[in-house]
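Undergrad: Please find one structure pasted underneath; my questions will follow.
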Amino acid sequence: MPKIKTHSGAKKRFSLTKSGKVKRAHAYKNHILNKKSTKRKRGLRKGAYADVTNESAIKQMIPYK
């Protein structure tokens, strides 16, 4: 059985917790930051978990993580 290739974009964006949840970062934090409030940008710094409906698809993309 051949090994499964890891999705290069997914391995940079997602990681798994010990309990099996998928960790992700918030979007909209890269550019055009001057029109976003400080409070909003501070909230975007914090991590988040991927939705349960997308978890299985993400886990297939990062099989060895």
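Each chain in the structure tokens gets a letter, A, B, ..., in the order shown, and its residues are numbered from 1; ligands are numbered from 1 in order too.
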Determine which residues of stretch 10-65 of chain A receive a DSSP assignment of alpha helix (DSSP H), computed from the backbone, and state them as number ranges by chain.

TA: A: 10-13, 38-45, 52-61

Undergrad: Using backbone DSSP assignments, extract all strand (DSSP E or B) residues from chain A; output them as a tab-separated table (two decimals) with all heavy atoms, in the first residue's frame.

TA:
```tsv
chain	number	residue	atom	x	y	z
A	15	SER	N	-3.47	22.08	12.38
A	15	SER	CA	-2.78	21.13	13.24
A	15	SER	C	-3.81	20.44	14.11
A	15	SER	O	-4.91	20.96	14.31
A	15	SER	CB	-1.73	21.83	14.09
A	15	SER	OG	-2.33	22.77	14.94
A	16	LEU	N	-3.46	19.27	14.61
A	16	LEU	CA	-4.40	18.49	15.41
A	16	LEU	C	-4.07	18.60	16.89
A	16	LEU	O	-2.90	18.68	17.27
A	16	LEU	CB	-4.34	17.01	15.00
A	16	LEU	CG	-4.82	16.68	13.59
A	16	LEU	CD1	-4.61	15.20	13.31
A	16	LEU	CD2	-6.27	17.03	13.40
A	22	VAL	N	-9.35	19.88	15.14
A	22	VAL	CA	-8.49	20.53	14.16
A	22	VAL	C	-8.36	22.00	14.51
A	22	VAL	O	-9.35	22.72	14.56
A	22	VAL	CB	-9.06	20.36	12.73
A	22	VAL	CG1	-8.16	21.03	11.71
A	22	VAL	CG2	-9.23	18.89	12.39
A	23	LYS	N	-7.12	22.43	14.78
A	23	LYS	CA	-6.86	23.82	15.11
A	23	LYS	C	-6.59	24.60	13.83
A	23	LYS	O	-5.98	24.10	12.90
A	23	LYS	CB	-5.62	23.93	16.01
A	23	LYS	CG	-5.90	23.89	17.46
A	23	LYS	CD	-4.81	24.42	18.36
A	23	LYS	CE	-3.40	24.08	17.94
A	23	LYS	NZ	-2.41	24.45	18.96
A	24	ARG	N	-7.04	25.87	13.81
A	24	ARG	CA	-6.82	26.73	12.66
A	24	ARG	C	-6.64	28.16	13.14
A	24	ARG	O	-6.93	28.48	14.29
A	24	ARG	CB	-8.01	26.66	11.70
A	24	ARG	CG	-9.30	27.22	12.29
A	24	ARG	CD	-10.37	27.41	11.27
A	24	ARG	NE	-11.60	27.89	11.87
A	24	ARG	CZ	-11.88	29.18	12.08
A	24	ARG	NH1	-11.00	30.12	11.76
A	24	ARG	NH2	-13.02	29.53	12.62
A	48	ALA	N	-8.57	29.12	16.59
A	48	ALA	CA	-9.95	28.63	16.57
A	48	ALA	C	-9.91	27.15	16.17
A	48	ALA	O	-8.87	26.63	15.78
A	48	ALA	CB	-10.78	29.44	15.59
A	49	TYR	N	-11.05	26.51	16.27
A	49	TYR	CA	-11.16	25.12	15.85
A	49	TYR	C	-11.98	25.05	14.57
A	49	TYR	O	-12.93	25.81	14.39
A	49	TYR	CB	-11.83	24.28	16.94
A	49	TYR	CG	-11.00	24.18	18.19
A	49	TYR	CD1	-11.38	24.81	19.36
A	49	TYR	CD2	-9.82	23.45	18.20
A	49	TYR	CE1	-10.62	24.72	20.52
A	49	TYR	CE2	-9.05	23.36	19.34
A	49	TYR	CZ	-9.45	24.00	20.49
A	49	TYR	OH	-8.68	23.90	21.61
```

Undergrad: Using Å and a single decimal, report how far atom CA of A:Ala27 sits from atom CA of A:Lys59.

TA: 19.7 Å

Undergrad: What does the distance from atom CA of A:Gly20 to atom CA of A:Gly47 come to in Å, to one decimal?

TA: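 About the pair atom CA of A:Gly20 and atom CA of A:Gly47: they are 15.5 Å apart.
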
Undergrad: Please report the interatomic distance between atom CA of A:Lys18 and atom CA of A:Gly43 in Å with one decimal.

TA: 24.0 Å
